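Quick look at data_7.cif (mmCIF, C-alpha atoms and all ligand atoms):
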```
data_run
loop_
_atom_site.group_PDB
_atom_site.id
_atom_site.type_symbol
_atom_site.label_atom_id
_atom_site.label_comp_id
_atom_site.auth_asym_id
_atom_site.auth_seq_id
_atom_site.Cartn_x
_atom_site.Cartn_y
_atom_site.Cartn_z
ATOM 1 C CA MET A 1 0.000 0.000 0.000
ATOM 2 C CA VAL A 2 1.183 3.530 -0.693
ATOM 3 C CA GLU A 3 -0.026 6.818 0.739
ATOM 4 C CA ILE A 4 -0.584 9.908 -1.382
ATOM 5 C CA SER A 5 2.254 11.515 0.624
ATOM 6 C CA ASP A 6 4.671 8.870 -0.717
ATOM 7 C CA PHE A 7 4.514 10.831 -3.982
ATOM 8 C CA ASN A 8 5.619 14.103 -2.319
ATOM 9 C CA THR A 9 9.093 15.498 -2.863
ATOM 10 C CA LYS A 10 11.109 17.924 -0.760
ATOM 11 C CA GLU A 11 11.479 20.430 -3.612
ATOM 12 C CA GLN A 12 10.237 23.962 -3.015
ATOM 13 C CA ASN A 13 7.036 24.659 -4.962
ATOM 14 C CA THR A 14 7.731 27.691 -7.178
ATOM 15 C CA TRP A 15 4.326 27.975 -8.876
ATOM 16 C CA CYS A 16 2.496 31.244 -8.033
ATOM 17 C CA PRO A 17 0.520 31.208 -4.765
ATOM 18 C CA GLY A 18 -2.844 29.581 -5.512
ATOM 19 C CA CYS A 19 -1.695 28.315 -8.922
ATOM 20 C CA LEU A 20 -4.126 25.749 -10.312
ATOM 21 C CA ASN A 21 -1.235 23.590 -11.483
ATOM 22 C CA ASN A 22 -1.363 22.371 -7.865
ATOM 23 C CA VAL A 23 -4.786 20.873 -8.574
ATOM 24 C CA ILE A 24 -3.336 18.876 -11.483
ATOM 25 C CA LEU A 25 -0.433 17.802 -9.254
ATOM 26 C CA ASN A 26 -2.783 16.551 -6.521
ATOM 27 C CA SER A 27 -5.038 14.801 -9.033
ATOM 28 C CA VAL A 28 -2.048 13.001 -10.505
ATOM 29 C CA LYS A 29 -0.782 11.910 -7.084
ATOM 30 C CA LYS A 30 -4.273 10.696 -6.197
ATOM 31 C CA ALA A 31 -4.572 8.739 -9.467
ATOM 32 C CA PHE A 32 -1.115 7.155 -8.988
ATOM 33 C CA THR A 33 -1.977 6.192 -5.390
ATOM 34 C CA ASN A 34 -5.249 4.489 -6.409
ATOM 35 C CA LEU A 35 -3.670 2.694 -9.365
ATOM 36 C CA VAL A 36 -0.753 1.394 -7.274
ATOM 37 C CA ASN A 37 -3.004 0.317 -4.392
ATOM 38 C CA ASN A 38 -5.341 -1.498 -6.793
ATOM 39 C CA GLY A 39 -2.380 -3.425 -8.220
ATOM 40 C CA ILE A 40 -2.804 -1.906 -11.696
ATOM 41 C CA ILE A 41 0.610 -0.238 -11.858
ATOM 42 C CA LYS A 42 3.802 -0.413 -9.790
ATOM 43 C CA LYS A 43 5.238 2.758 -8.260
ATOM 44 C CA GLU A 44 8.767 1.822 -9.327
ATOM 45 C CA ASN A 45 7.577 1.428 -12.944
ATOM 46 C CA ILE A 46 6.107 4.924 -13.239
ATOM 47 C CA VAL A 47 8.063 7.410 -15.353
ATOM 48 C CA ILE A 48 6.931 10.962 -15.944
ATOM 49 C CA THR A 49 8.316 13.130 -18.718
ATOM 50 C CA THR A 50 7.866 16.870 -19.052
ATOM 51 C CA GLY A 51 8.367 19.593 -21.620
ATOM 52 C CA ILE A 52 9.327 23.136 -20.573
ATOM 53 C CA GLY A 53 7.104 25.729 -18.906
ATOM 54 C CA CYS A 54 5.126 26.178 -15.696
ATOM 55 C CA ALA A 55 3.345 22.904 -16.451
ATOM 56 C CA ALA A 56 6.678 21.120 -16.755
ATOM 57 C CA LYS A 57 7.699 22.095 -13.242
ATOM 58 C CA ILE A 58 5.555 19.181 -12.090
ATOM 59 C CA PHE A 59 8.798 17.230 -12.719
ATOM 60 C CA ASP A 60 10.080 18.454 -9.342
ATOM 61 C CA TYR A 61 6.995 17.683 -7.316
ATOM 62 C CA VAL A 62 6.170 14.019 -7.932
ATOM 63 C CA ASN A 63 8.355 11.395 -6.345
ATOM 64 C CA VAL A 64 8.674 8.991 -9.285
ATOM 65 C CA ASN A 65 11.223 8.342 -12.041
ATOM 66 C CA ALA A 66 11.243 11.390 -14.271
ATOM 67 C CA LEU A 67 12.864 12.907 -17.318
ATOM 68 C CA TYR A 68 12.820 16.669 -17.945
ATOM 69 C CA SER A 69 12.894 16.896 -21.714
ATOM 70 C CA ILE A 70 13.009 19.953 -23.974
ATOM 71 C CA HIS A 71 10.268 22.273 -25.190
ATOM 72 C CA GLY A 72 7.585 20.364 -27.078
ATOM 73 C CA ARG A 73 9.441 17.057 -27.010
ATOM 74 C CA THR A 74 7.800 15.137 -24.230
ATOM 75 C CA ILE A 75 6.070 12.683 -26.616
ATOM 76 C CA PRO A 76 9.186 11.504 -28.514
ATOM 77 C CA THR A 77 10.995 11.294 -25.165
ATOM 78 C CA SER A 78 8.201 9.090 -23.831
ATOM 79 C CA LEU A 79 8.285 7.013 -26.999
ATOM 80 C CA GLY A 80 11.999 6.339 -26.460
ATOM 81 C CA ILE A 81 11.324 5.211 -22.907
ATOM 82 C CA LYS A 82 8.511 2.909 -24.016
ATOM 83 C CA ILE A 83 10.667 1.340 -26.722
ATOM 84 C CA ALA A 84 13.492 0.757 -24.239
ATOM 85 C CA ASN A 85 11.070 -0.844 -21.796
ATOM 86 C CA PRO A 86 7.386 -1.219 -22.730
ATOM 87 C CA GLU A 87 6.631 -2.444 -19.196
ATOM 88 C CA LEU A 88 6.972 1.082 -17.805
ATOM 89 C CA THR A 89 3.963 3.351 -17.195
ATOM 90 C CA VAL A 90 4.790 6.621 -18.910
ATOM 91 C CA VAL A 91 2.871 9.831 -18.260
ATOM 92 C CA ALA A 92 3.873 13.012 -20.104
ATOM 93 C CA PHE A 93 3.109 16.575 -19.008
ATOM 94 C CA GLY A 94 3.239 19.748 -21.077
ATOM 95 C CA GLY A 95 1.540 23.096 -21.506
ATOM 96 C CA ASP A 96 -0.596 24.277 -24.420
ATOM 97 C CA GLY A 97 2.367 26.184 -25.858
ATOM 98 C CA ASP A 98 4.598 23.172 -25.403
ATOM 99 C CA VAL A 99 2.272 20.540 -26.890
ATOM 100 C CA TYR A 100 0.075 22.546 -29.307
ATOM 101 C CA ALA A 101 2.665 25.006 -30.652
ATOM 102 C CA GLU A 102 6.288 23.770 -30.477
ATOM 103 C CA GLY A 103 5.422 20.079 -30.222
ATOM 104 C CA ILE A 104 2.266 19.838 -32.289
ATOM 105 C CA GLY A 105 3.682 17.375 -34.836
ATOM 106 C CA HIS A 106 4.526 14.944 -32.055
ATOM 107 C CA LEU A 107 0.957 14.961 -30.765
ATOM 108 C CA ILE A 108 -0.341 13.903 -34.173
ATOM 109 C CA HIS A 109 2.219 11.132 -34.611
ATOM 110 C CA GLY A 110 2.044 9.942 -30.993
ATOM 111 C CA ALA A 111 -1.701 9.512 -31.394
ATOM 112 C CA ARG A 112 -1.401 7.954 -34.848
ATOM 113 C CA LYS A 113 1.148 5.419 -33.635
ATOM 114 C CA ASN A 114 -0.985 4.637 -30.564
ATOM 115 C CA ILE A 115 2.018 4.684 -28.244
ATOM 116 C CA ASP A 116 0.941 3.197 -24.906
ATOM 117 C CA MET A 117 1.360 6.390 -22.862
ATOM 118 C CA THR A 118 -0.654 9.221 -21.342
ATOM 119 C CA MET A 119 -0.297 12.844 -22.450
ATOM 120 C CA ILE A 120 -1.629 15.407 -19.974
ATOM 121 C CA VAL A 121 -1.830 18.976 -21.274
ATOM 122 C CA HIS A 122 -2.095 21.845 -18.778
ATOM 123 C CA ASP A 123 -4.064 24.128 -21.105
ATOM 124 C CA ASN A 124 -4.073 27.624 -19.608
ATOM 125 C CA GLN A 125 -4.469 29.129 -23.109
ATOM 126 C CA ILE A 126 -1.252 31.139 -22.678
ATOM 127 C CA PHE A 127 2.554 30.841 -22.630
ATOM 128 C CA ALA A 128 2.701 31.406 -18.865
ATOM 129 C CA LEU A 129 6.322 30.891 -17.810
ATOM 130 C CA THR A 130 7.429 33.464 -20.372
ATOM 131 C CA THR A 131 4.836 35.853 -18.869
ATOM 132 C CA GLY A 132 1.951 35.793 -21.300
ATOM 133 C CA GLN A 133 2.140 35.301 -25.064
ATOM 134 C CA VAL A 134 -0.559 33.935 -27.363
ATOM 135 C CA THR A 135 -0.825 30.145 -27.856
ATOM 136 C CA PRO A 136 -2.889 28.070 -30.311
ATOM 137 C CA THR A 137 -5.786 27.891 -27.821
ATOM 138 C CA THR A 138 -5.918 31.556 -26.759
ATOM 139 C CA GLU A 139 -9.377 32.909 -27.570
ATOM 140 C CA PRO A 140 -9.674 35.627 -30.248
ATOM 141 C CA GLY A 141 -9.638 39.131 -28.839
ATOM 142 C CA TYR A 142 -7.584 38.297 -25.754
ATOM 143 C CA SER A 143 -4.759 40.770 -25.330
ATOM 144 C CA THR A 144 -1.360 39.190 -24.715
ATOM 145 C CA LYS A 145 2.221 40.488 -24.789
ATOM 146 C CA SER A 146 2.623 39.195 -28.338
ATOM 147 C CA THR A 147 -0.867 40.269 -29.485
ATOM 148 C CA PRO A 148 -1.453 43.588 -27.668
ATOM 149 C CA PHE A 149 -4.423 44.394 -29.917
ATOM 150 C CA GLY A 150 -6.011 41.050 -29.142
ATOM 151 C CA ALA A 151 -5.368 37.527 -30.405
ATOM 152 C CA TYR A 152 -6.606 37.294 -33.970
ATOM 153 C CA ASP A 153 -6.247 33.628 -34.978
ATOM 154 C CA ARG A 154 -8.954 31.012 -34.820
ATOM 155 C CA PRO A 155 -8.120 28.714 -31.881
ATOM 156 C CA MET A 156 -7.299 25.105 -32.615
ATOM 157 C CA ASN A 157 -9.486 22.428 -31.072
ATOM 158 C CA PRO A 158 -7.101 19.886 -29.503
ATOM 159 C CA ILE A 159 -9.874 17.400 -28.745
ATOM 160 C CA LEU A 160 -10.854 17.255 -32.429
ATOM 161 C CA LEU A 161 -7.211 16.995 -33.439
ATOM 162 C CA ALA A 162 -6.464 14.156 -31.003
ATOM 163 C CA LEU A 163 -9.544 12.268 -32.214
ATOM 164 C CA SER A 164 -8.768 12.683 -35.890
ATOM 165 C CA SER A 165 -5.111 11.761 -35.336
ATOM 166 C CA GLY A 166 -6.033 8.385 -33.856
ATOM 167 C CA ALA A 167 -5.782 8.778 -30.077
ATOM 168 C CA THR A 168 -7.567 5.811 -28.506
ATOM 169 C CA PHE A 169 -8.538 7.673 -25.314
ATOM 170 C CA VAL A 170 -9.561 11.331 -25.463
ATOM 171 C CA ALA A 171 -10.731 13.314 -22.453
ATOM 172 C CA ARG A 172 -11.009 16.805 -21.019
ATOM 173 C CA GLY A 173 -11.025 17.870 -17.394
ATOM 174 C CA THR A 174 -10.746 21.150 -15.535
ATOM 175 C CA THR A 175 -8.905 22.247 -12.438
ATOM 176 C CA LEU A 176 -12.209 23.648 -11.184
ATOM 177 C CA ASN A 177 -13.438 20.071 -10.767
ATOM 178 C CA PRO A 178 -10.543 18.238 -9.024
ATOM 179 C CA ASP A 179 -12.267 14.953 -8.113
ATOM 180 C CA HIS A 180 -13.540 14.520 -11.655
ATOM 181 C CA LEU A 181 -10.076 15.370 -12.993
ATOM 182 C CA ALA A 182 -8.384 12.758 -10.776
ATOM 183 C CA LYS A 183 -10.839 10.113 -12.008
ATOM 184 C CA ILE A 184 -10.175 11.011 -15.671
ATOM 185 C CA ILE A 185 -6.411 10.875 -15.161
ATOM 186 C CA GLU A 186 -6.753 7.473 -13.488
ATOM 187 C CA GLU A 187 -8.815 6.126 -16.411
ATOM 188 C CA ALA A 188 -6.342 7.602 -18.918
ATOM 189 C CA ILE A 189 -3.357 5.897 -17.270
ATOM 190 C CA LYS A 190 -5.285 2.628 -17.038
ATOM 191 C CA HIS A 191 -6.057 2.740 -20.767
ATOM 192 C CA LYS A 192 -3.759 0.726 -23.042
ATOM 193 C CA GLY A 193 -2.812 2.997 -25.947
ATOM 194 C CA PHE A 194 -2.366 6.729 -26.513
ATOM 195 C CA SER A 195 -4.390 8.583 -23.880
ATOM 196 C CA PHE A 196 -4.871 12.285 -24.375
ATOM 197 C CA VAL A 197 -6.116 14.397 -21.475
ATOM 198 C CA GLU A 198 -6.660 18.078 -21.891
ATOM 199 C CA VAL A 199 -6.944 20.008 -18.625
ATOM 200 C CA LEU A 200 -8.488 23.472 -18.752
ATOM 201 C CA GLN A 201 -6.394 25.315 -16.206
ATOM 202 C CA PRO A 202 -6.992 29.050 -15.687
ATOM 203 C CA CYS A 203 -3.681 30.877 -15.128
ATOM 204 C CA LEU A 204 -4.244 33.370 -12.318
ATOM 205 C CA ALA A 205 -1.435 35.631 -13.550
ATOM 206 C CA PHE A 206 -1.768 35.711 -17.354
ATOM 207 C CA HIS A 207 -5.055 34.134 -18.440
ATOM 208 C CA ASN A 208 -7.589 34.030 -15.670
ATOM 209 C CA SER A 209 -10.503 32.226 -17.280
ATOM 210 C CA ILE A 210 -12.187 31.104 -14.057
ATOM 211 C CA LYS A 211 -15.337 33.119 -14.825
ATOM 212 C CA ASP A 212 -15.371 31.865 -18.437
ATOM 213 C CA LEU A 213 -15.415 28.262 -17.250
ATOM 214 C CA GLN A 214 -17.390 28.410 -14.018
ATOM 215 C CA GLY A 215 -20.950 27.207 -14.542
ATOM 216 C CA LYS A 216 -20.243 26.622 -18.236
ATOM 217 C CA THR A 217 -18.848 23.094 -18.105
ATOM 218 C CA TYR A 218 -20.993 19.984 -17.979
ATOM 219 C CA ILE A 219 -19.920 16.405 -17.304
ATOM 220 C CA LEU A 220 -20.373 13.916 -20.118
ATOM 221 C CA ASP A 221 -22.211 10.823 -19.026
ATOM 222 C CA ASN A 222 -24.002 8.104 -20.914
ATOM 223 C CA ASN A 223 -22.163 8.998 -24.131
ATOM 224 C CA ASN A 224 -21.237 5.855 -26.051
ATOM 225 C CA LEU A 225 -17.445 5.980 -25.617
ATOM 226 C CA SER A 226 -16.750 3.857 -28.694
ATOM 227 C CA ASP A 227 -18.855 6.067 -31.001
ATOM 228 C CA PHE A 228 -16.204 8.020 -32.897
ATOM 229 C CA ASN A 229 -18.639 10.222 -34.853
ATOM 230 C CA ASN A 230 -20.472 11.150 -31.689
ATOM 231 C CA ALA A 231 -17.136 12.084 -30.069
ATOM 232 C CA LEU A 232 -16.364 14.349 -33.047
ATOM 233 C CA LYS A 233 -19.768 15.957 -32.632
ATOM 234 C CA ILE A 234 -19.407 16.636 -28.894
ATOM 235 C CA ALA A 235 -15.882 17.940 -29.451
ATOM 236 C CA GLN A 236 -17.347 20.711 -31.596
ATOM 237 C CA GLU A 237 -19.714 21.967 -28.908
ATOM 238 C CA TRP A 238 -17.027 24.408 -27.759
ATOM 239 C CA ASP A 239 -14.458 26.042 -30.030
ATOM 240 C CA TYR A 240 -12.306 27.715 -27.332
ATOM 241 C CA THR A 241 -13.820 31.146 -27.912
ATOM 242 C CA LYS A 242 -15.649 33.093 -25.229
ATOM 243 C CA TYR A 243 -19.442 32.835 -25.096
ATOM 244 C CA GLU A 244 -21.859 33.873 -22.364
ATOM 245 C CA ASP A 245 -23.912 30.747 -23.047
ATOM 246 C CA ALA A 246 -20.968 28.380 -23.700
ATOM 247 C CA LYS A 247 -21.548 24.712 -22.916
ATOM 248 C CA ILE A 248 -18.188 23.072 -22.416
ATOM 249 C CA PRO A 249 -18.194 19.275 -22.251
ATOM 250 C CA ILE A 250 -15.767 17.649 -19.819
ATOM 251 C CA GLY A 251 -15.162 13.942 -19.291
ATOM 252 C CA ILE A 252 -14.247 11.099 -21.623
ATOM 253 C CA PHE A 253 -15.135 11.772 -25.270
ATOM 254 C CA TYR A 254 -13.815 8.551 -26.782
ATOM 255 C CA LYS A 255 -12.196 5.278 -25.804
ATOM 256 C CA THR A 256 -11.363 2.300 -27.970
ATOM 257 C CA GLU A 257 -8.969 -0.648 -28.031
ATOM 258 C CA LYS A 258 -6.437 -0.818 -30.855
ATOM 259 C CA LYS A 259 -3.021 -2.463 -31.118
ATOM 260 C CA THR A 260 -0.351 -0.278 -29.580
ATOM 261 C CA LEU A 261 2.986 0.507 -31.207
ATOM 262 C CA GLU A 262 4.738 -1.608 -28.583
ATOM 263 C CA GLU A 263 2.498 -4.616 -29.291
ATOM 264 C CA LYS A 264 3.269 -4.353 -32.996
ATOM 265 C CA LEU A 265 7.015 -4.235 -32.259
ATOM 266 C CA ILE A 266 6.880 -7.153 -29.831
ATOM 267 C CA ALA A 267 5.234 -9.262 -32.537
ATOM 268 C CA HIS A 268 8.743 -9.446 -34.077
ATOM 269 C CA GLY A 269 10.252 -10.775 -30.842
ATOM 270 C CA PRO A 270 10.997 -9.493 -27.323
ATOM 271 C CA PHE A 271 13.251 -6.745 -28.709
ATOM 272 C CA TYR A 272 13.743 -4.952 -25.417
ATOM 273 C CA LYS A 273 14.962 -8.042 -23.587
ATOM 274 C CA ILE A 274 17.791 -8.793 -25.987
ATOM 275 C CA LYS A 275 21.110 -8.367 -24.212
ATOM 276 C CA ARG A 276 23.471 -6.376 -26.362
ATOM 277 C CA ASN A 277 27.130 -6.213 -25.511
ATOM 278 C CA ILE A 278 27.769 -2.601 -26.212
ATOM 279 C CA ASN A 279 30.979 -0.977 -25.071
ATOM 280 C CA ILE A 280 30.016 2.689 -24.827
ATOM 281 C CA ASP A 281 33.661 3.890 -25.042
ATOM 282 C CA GLU A 282 34.272 1.877 -28.189
ATOM 283 C CA LEU A 283 31.024 3.112 -29.690
ATOM 284 C CA LEU A 284 31.845 6.745 -28.959
ATOM 285 C CA ASN A 285 35.378 6.355 -30.290
ATOM 286 C CA GLY A 286 33.822 5.431 -33.615
ATOM 287 C CA PHE A 287 32.520 8.993 -33.884
ATOM 288 C CA LYS A 288 35.895 10.642 -33.200
HETATM 289 C C1 LIG B 301 12.906 25.681 -27.950
HETATM 290 C C2 LIG B 301 12.410 26.648 -26.942
HETATM 291 N N1 LIG B 301 11.643 27.694 -27.331
HETATM 292 C C3 LIG B 301 11.181 28.575 -26.435
HETATM 293 C C4 LIG B 301 11.491 28.447 -25.106
HETATM 294 C C5 LIG B 301 11.009 29.481 -24.122
HETATM 295 N N2 LIG B 301 9.912 29.003 -23.314
HETATM 296 C C6 LIG B 301 10.123 28.486 -22.083
HETATM 297 S S1 LIG B 301 8.701 28.164 -21.273
HETATM 298 C C7 LIG B 301 7.785 28.719 -22.544
HETATM 299 C C8 LIG B 301 6.289 28.809 -22.409
HETATM 300 C C9 LIG B 301 5.619 27.518 -22.163
HETATM 301 O O1 LIG B 301 4.232 27.714 -22.272
HETATM 302 P P1 LIG B 301 3.282 26.496 -22.077
HETATM 303 O O2 LIG B 301 3.803 25.304 -22.761
HETATM 304 O O3 LIG B 301 1.895 26.903 -22.438
HETATM 305 O O4 LIG B 301 3.401 26.190 -20.513
HETATM 306 P P2 LIG B 301 2.928 27.105 -19.292
HETATM 307 O O5 LIG B 301 4.117 27.891 -18.857
HETATM 308 O O6 LIG B 301 1.807 27.952 -19.766
HETATM 309 O O7 LIG B 301 2.499 26.087 -18.270
HETATM 310 C C10 LIG B 301 8.588 29.142 -23.614
HETATM 311 C C11 LIG B 301 8.091 29.708 -24.880
HETATM 312 C C12 LIG B 301 12.304 27.349 -24.715
HETATM 313 N N3 LIG B 301 12.613 27.120 -23.433
HETATM 314 N N4 LIG B 301 12.748 26.481 -25.634
HETATM 315 MG MG MG B 302 0.336 27.465 -21.222
#
```
What is this structure when it is put down as structure tokens?
Amino acid sequence: MVEISDFNTKEQNTWCPGCLNNVILNSVKKAFTNLVNNGIIKKENIVITTGIGCAAKIFDYVNVNALYSIHGRTIPTSLGIKIANPELTVVAFGGDGDVYAEGIGHLIHGARKNIDMTMIVHDNQIFALTTGQVTPTTEPGYSTKSTPFGAYDRPMNPILLALSSGATFVARGTTLNPDHLAKIIEEAIKHKGFSFVEVLQPCLAFHNSIKDLQGKTYILDNNNLSDFNNALKIAQEWDYTKYEDAKIPIGIFYKTEKKTLEEKLIAHGPFYKIKRNINIDELLNGFK
């Protein structure tokens, strides 16, 4: 048995006071605790990977194996880990700038390949660590440091993109609904295949959307999770712009079972168990 506190670290928390990234952190620790205690995953097999940004600072605050990667590259980093050892449980964390701007190509290919991993996006609709520039999900009209006259581009819809790219688990949660979020994260990690979880996370300093979300989200229930066309339809109920009468679905949009990349590779033999006698010095000398 593990306690939620077993996932704490001694690092100083440098998010802003009251930052809603803390809600994601607690939800993740809660999900890990439940999954370990139910025998679904092993604590020593968990690996988290992060991009760069406020979201990525979660690296310091969860006591599990972790790899701090570079901006937008958390999915290929996770893929490398899964190929080296498919038995590991890999959960990636990035911001909307990280995953939807710099790293957008990786999201498409990660989903398409159905890597057995979970991608959690802290979507605060802003580049927060760099103090407030427009991202692909910033709503039109919102004034940022890089768009002082208001953001002018049509926002992308990451849920639609994840669905059409082939993600086999697609969900959205919000930091305003922590228990629901923890449940979604738990289901996402449990799922075999590419799990995509978008978390709407108001940024108190640079994109405070609390009022835009409060009372405007509704929890999906009774939707047929294997109905792809229905998932596409629900995904279009909100296009990331600001409406007084917005109805923002949260919960699981879609879930299906398909062969994972790792399963396809293993079909050719237990590639990751092959002992290779590699002398690193010799190998490196070859490049001199
Ligand atoms: C290749 C590269 N480009 C730009 C940066 C600068 N940079 C660091 S954090 C960041 C913003 C990250 O925003 P987001 O991914 O939305 O995360 P948030 O801080 O909002 O959680 C940027 C642009 C960088 N570190 N590396
Ligand atoms: Mg952001």
If you take all atoms listed in the file and a cut-off of 6 Å, which residues of chain A touch ligand MG 302 (chain B), and what are their nearest atom pairs and distances in Å to one decimal, in chain and number order, as a Markdown table?
```
| residue | atom | partner | partner_atom | distance |
| --- | --- | --- | --- | --- |
| A:Gly95 | CA | B:MG302 | MG | 4.5 |
| A:Asp96 | CA | B:MG302 | MG | 4.6 |
| A:Gly97 | CA | B:MG302 | MG | 5.2 |
| A:Asp123 | CA | B:MG302 | MG | 5.5 |
| A:Asn124 | CA | B:MG302 | MG | 4.7 |
| A:Gln125 | CA | B:MG302 | MG | 5.4 |
| A:Ile126 | CA | B:MG302 | MG | 4.3 |
| A:Phe127 | CA | B:MG302 | MG | 4.3 |
| A:Ala128 | CA | B:MG302 | MG | 5.2 |
```
Next on the checklist: Using all atoms listed in the file for the distances, tell me which of A:Ser165, A:Thr33, A:Asn8, A:Gln201 is nearest to ligand LIG 301 (chain B).
Outcome noted: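 Checking each candidate against ligand LIG 301 (chain B), we get A:Gln201 as the closest.
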Starting from the displayed file, determine the output of the PyMOL selection byres (((chain A and resi 187-195) around 8) and not hetatm) and express the residue list as a compact mmCIF listing (two decimals) with C-alpha atoms, keeping the file's coordinate frame.
```txt
# COMPACT_ATOMS: atom_id res chain seq x y z
CA LEU A 35 -3.67 2.69 -9.36
CA ILE A 40 -2.80 -1.91 -11.70
CA THR A 89 3.96 3.35 -17.20
CA VAL A 91 2.87 9.83 -18.26
CA GLY A 110 2.04 9.94 -30.99
CA ALA A 111 -1.70 9.51 -31.39
CA ASN A 114 -0.98 4.64 -30.56
CA ILE A 115 2.02 4.68 -28.24
CA ASP A 116 0.94 3.20 -24.91
CA MET A 117 1.36 6.39 -22.86
CA THR A 118 -0.65 9.22 -21.34
CA MET A 119 -0.30 12.84 -22.45
CA ALA A 167 -5.78 8.78 -30.08
CA THR A 168 -7.57 5.81 -28.51
CA PHE A 169 -8.54 7.67 -25.31
CA VAL A 170 -9.56 11.33 -25.46
CA LYS A 183 -10.84 10.11 -12.01
CA ILE A 184 -10.18 11.01 -15.67
CA ILE A 185 -6.41 10.88 -15.16
CA GLU A 186 -6.75 7.47 -13.49
CA PHE A 196 -4.87 12.28 -24.38
CA VAL A 197 -6.12 14.40 -21.48
CA GLU A 257 -8.97 -0.65 -28.03
CA LYS A 258 -6.44 -0.82 -30.86
CA LYS A 259 -3.02 -2.46 -31.12
CA THR A 260 -0.35 -0.28 -29.58
```
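Atom CA of A:Asn277 to atom CA of A:Val47 spans 25.5 Å [interatomic distance, one decimal].
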Next on the checklist: How would you report the residues lying within 9 Å of ligand LIG 301 (chain B), as an MDAnalysis selection string, if you count only C-alpha atoms and all ligand atoms?
Outcome noted: chainID A and resid 21 51:57 70:72 94:102 121:135 203 206
Can you write out as a Markdown table which residues of stretch 101-203 of chain A fall within 10 Å of stretch 212-221 of chain A, alongside each residue's closest atom pair and its distance in Å to one decimal, counting all atoms listed in the file and ordering rows by chain and ascending residue number?
```
| residue | atom | partner | partner_atom | distance |
| --- | --- | --- | --- | --- |
| A:Ala171 | CA | A:Leu220 | CA | 9.9 |
| A:Arg172 | CA | A:Ile219 | CA | 9.7 |
| A:Gly173 | CA | A:Ile219 | CA | 9.0 |
| A:Thr174 | CA | A:Leu213 | CA | 8.7 |
| A:Leu176 | CA | A:Gln214 | CA | 7.6 |
| A:Asn177 | CA | A:Thr217 | CA | 9.6 |
| A:His180 | CA | A:Ile219 | CA | 8.7 |
| A:Leu200 | CA | A:Leu213 | CA | 8.6 |
| A:Gln201 | CA | A:Leu213 | CA | 9.5 |
| A:Pro202 | CA | A:Leu213 | CA | 8.6 |
```
